[in-house]
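Engineer: Let me begin by handing over the structure; questions about it come next.
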Amino acid sequence: GSFARNPTSEGSSLVPSTVVVSTALTAPGGRPDTVIAADAGLVACLHAGFEPDLVVGDMDSVPSEALERATASGARIERHPVDKDAVDLELALDAALLDARTRGAAATPGPAVGVPDGGAPDGRIEGERVVVVGSAEGRIDHLVASMALLGSQRYADLAVEAWFGGQLVVPVRGRRLLRAPVGTTVSLLALHGAGSRVSTGGLRWRMDSGVIPPGSSLGVSNTFADSEAWVDVEGPPVTVVLPDLLEQSARTGGFPRAGTAGSGPDSDPRPPGG
């Protein structure tokens with residue numbers, strides 16, 4: 001599906017490049033409902049073959065010819081001051097939220113996420129799906145801020161996922177289905193406060209209403225025991241990271257069809273770590 005394409009130019013120092021909003025895995029014609037380019041992400045967006053609906057940011061690093069092309073294709077340009085209180089990704093996410101509310105999208109996030117198996121959506125996609133595509137290169141403060149933004153309460157009505165290079169980042173509220181090849185690394189991070197109760201299935205090390213303290217590495221380096229797993233969170237969102245998802249998918253020669261969630265050797269209650 002188009003959501004998994006990474007339009008970030010090689011060596012880019014910008015974490016956010018495009019925000020793709022879609023209510024389905026692949027929209028009719030292969031194009032998401034709305035394409036939003038965050039600042040210089042416009043270049044990568046055009047390179048990937050997406051004509052954006054909106055370009056947002058301070059435009060301090062966008063070539064004039066790219067802006068001219070976007071304007072000619074009908075894109076709306078939302079220019080902000082260079083000295084502002086929000087990074088371009090935050091502006092793009094705000095625009096995605098406004099767009100979803102304007103279109104009256106259902107505020108019930110929770111689609112299956114991961115590398116698609118070539119099939120149609122599994123029927124669990126009910127909310128507004130926002131896919132952020134960016135780079136893992138460049139400034140670490142931008143990357144950390146971006147990961148924090150994804151789980152902001154402001155975007156709780158959106159089913160957000162982010163691809164930073166080949167790494168998938170998903171803030172989980174409630175129950176979320178995840179798909180990946182068996183053996184794929186997955187980490188659960190408490191970036192949004194204490195008090196979350198976490199349960200999992202389909203992973204090598206199970207959690208059953210466990211607590212991951214903020215500032216702890218307890219949830220780091222679990223693995224998929226099955227090609228379909230789930231994470232259930234009660235309380236503040238937990239950030240789920242699949243750092244080698246695309247690498248694992250390429251190594252296994254393609255993504256297998258998902259099995260039954262919870263099947264496979266996921267009964268070991270020991271916590272992951274390291």
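Numbering starts fresh at 1 for the residues of each chain in the structure tokens, the chains themselves are lettered A, B, ... in the order given, and ligands are numbered from 1 as they appear.
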Write out as a list in words each polymer residue whose atoms come within 9 Å of Trp230 (chain A), counting only C-alpha atoms; drop sequence neighbours fewer than 6 positions from it.
Structural biologist: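 Selected residues are Arg175, Arg176, Leu177, Leu178, Arg179, Ser199, Thr200, Gly201, Gly202, Leu203, Ala261 and Gly262 of chain A.
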Engineer: Could you give me, as a ChimeraX atom specification, each residue of region 135-187 of chain A that DSSP assigns to alpha helix (DSSP H) when run on this structure's backbone?
Structural biologist: /A:140-150
Engineer: I need the chosen residues saved as a compact mmCIF listing (two decimals), in the first residue's frame, with C-alpha atoms.
Structural biologist:
```
# COMPACT_ATOMS: atom_id res chain seq x y z
CA ILE A 140 18.14 13.60 17.66
CA ASP A 141 16.14 16.35 19.39
CA HIS A 142 13.81 16.52 16.38
CA LEU A 143 13.42 12.74 16.39
CA VAL A 144 12.64 12.57 20.12
CA ALA A 145 10.20 15.48 19.82
CA SER A 146 8.52 13.76 16.87
CA MET A 147 8.07 10.52 18.83
CA ALA A 148 6.60 12.48 21.73
CA LEU A 149 4.21 14.35 19.41
CA LEU A 150 2.78 11.15 17.96
```
Engineer: Kindly give the distance, in Å, that separates CA of Ser221 (chain A) and CA of Leu188 (chain A), rounded to a single decimal.
Structural biologist: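 Separation between CA of Ser221 (chain A) and CA of Leu188 (chain A): 8.3 Å.
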Engineer: Report, in Å to a single decimal, how far apart CA of Gly151 (chain A) and CA of Pro237 (chain A) are.
Structural biologist: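 Between CA of Pro237 (chain A) and CA of Gly151 (chain A) the gap is 6.5 Å.
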Engineer: Would you pick out the contacts of region 180-182 of chain A at 6 Å or less, using only C-alpha atoms, so that residues sharing its chain but fewer than 6 positions from it are not included, and give the list as a PyMOL selection string?
Structural biologist: chain A and resi 114+224-227
Engineer: Restricting it to all heavy atoms, dump the selection as a compact mmCIF listing (two decimals), in the first residue's frame.
Structural biologist:
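That gives us part.txt:
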```txt
# COMPACT_ATOMS: atom_id res chain seq x y z
N GLY A 114 1.63 -2.38 10.27
CA GLY A 114 2.78 -3.21 9.95
C GLY A 114 2.90 -3.33 8.45
O GLY A 114 2.20 -2.66 7.70
N PHE A 224 8.46 -10.77 17.89
CA PHE A 224 7.22 -11.40 17.44
C PHE A 224 7.38 -12.92 17.46
O PHE A 224 8.29 -13.47 16.83
CB PHE A 224 6.88 -10.95 16.01
CG PHE A 224 6.14 -9.65 15.94
CD1 PHE A 224 6.76 -8.45 16.27
CD2 PHE A 224 4.82 -9.62 15.53
CE1 PHE A 224 6.08 -7.25 16.20
CE2 PHE A 224 4.11 -8.42 15.46
CZ PHE A 224 4.74 -7.23 15.81
N ALA A 225 6.49 -13.59 18.18
CA ALA A 225 6.45 -15.04 18.17
C ALA A 225 5.50 -15.55 17.09
O ALA A 225 5.54 -16.71 16.70
CB ALA A 225 6.01 -15.57 19.54
N ASP A 226 4.63 -14.69 16.63
CA ASP A 226 3.68 -14.99 15.57
C ASP A 226 3.71 -13.80 14.62
O ASP A 226 4.24 -12.74 14.95
CB ASP A 226 2.28 -15.20 16.16
CG ASP A 226 1.28 -15.72 15.14
OD1 ASP A 226 1.71 -16.22 14.09
OD2 ASP A 226 0.06 -15.60 15.39
N SER A 227 3.12 -13.95 13.46
CA SER A 227 3.13 -12.85 12.49
C SER A 227 2.07 -11.80 12.81
O SER A 227 1.99 -10.79 12.14
CB SER A 227 2.93 -13.38 11.07
OG SER A 227 1.72 -14.11 11.00
```
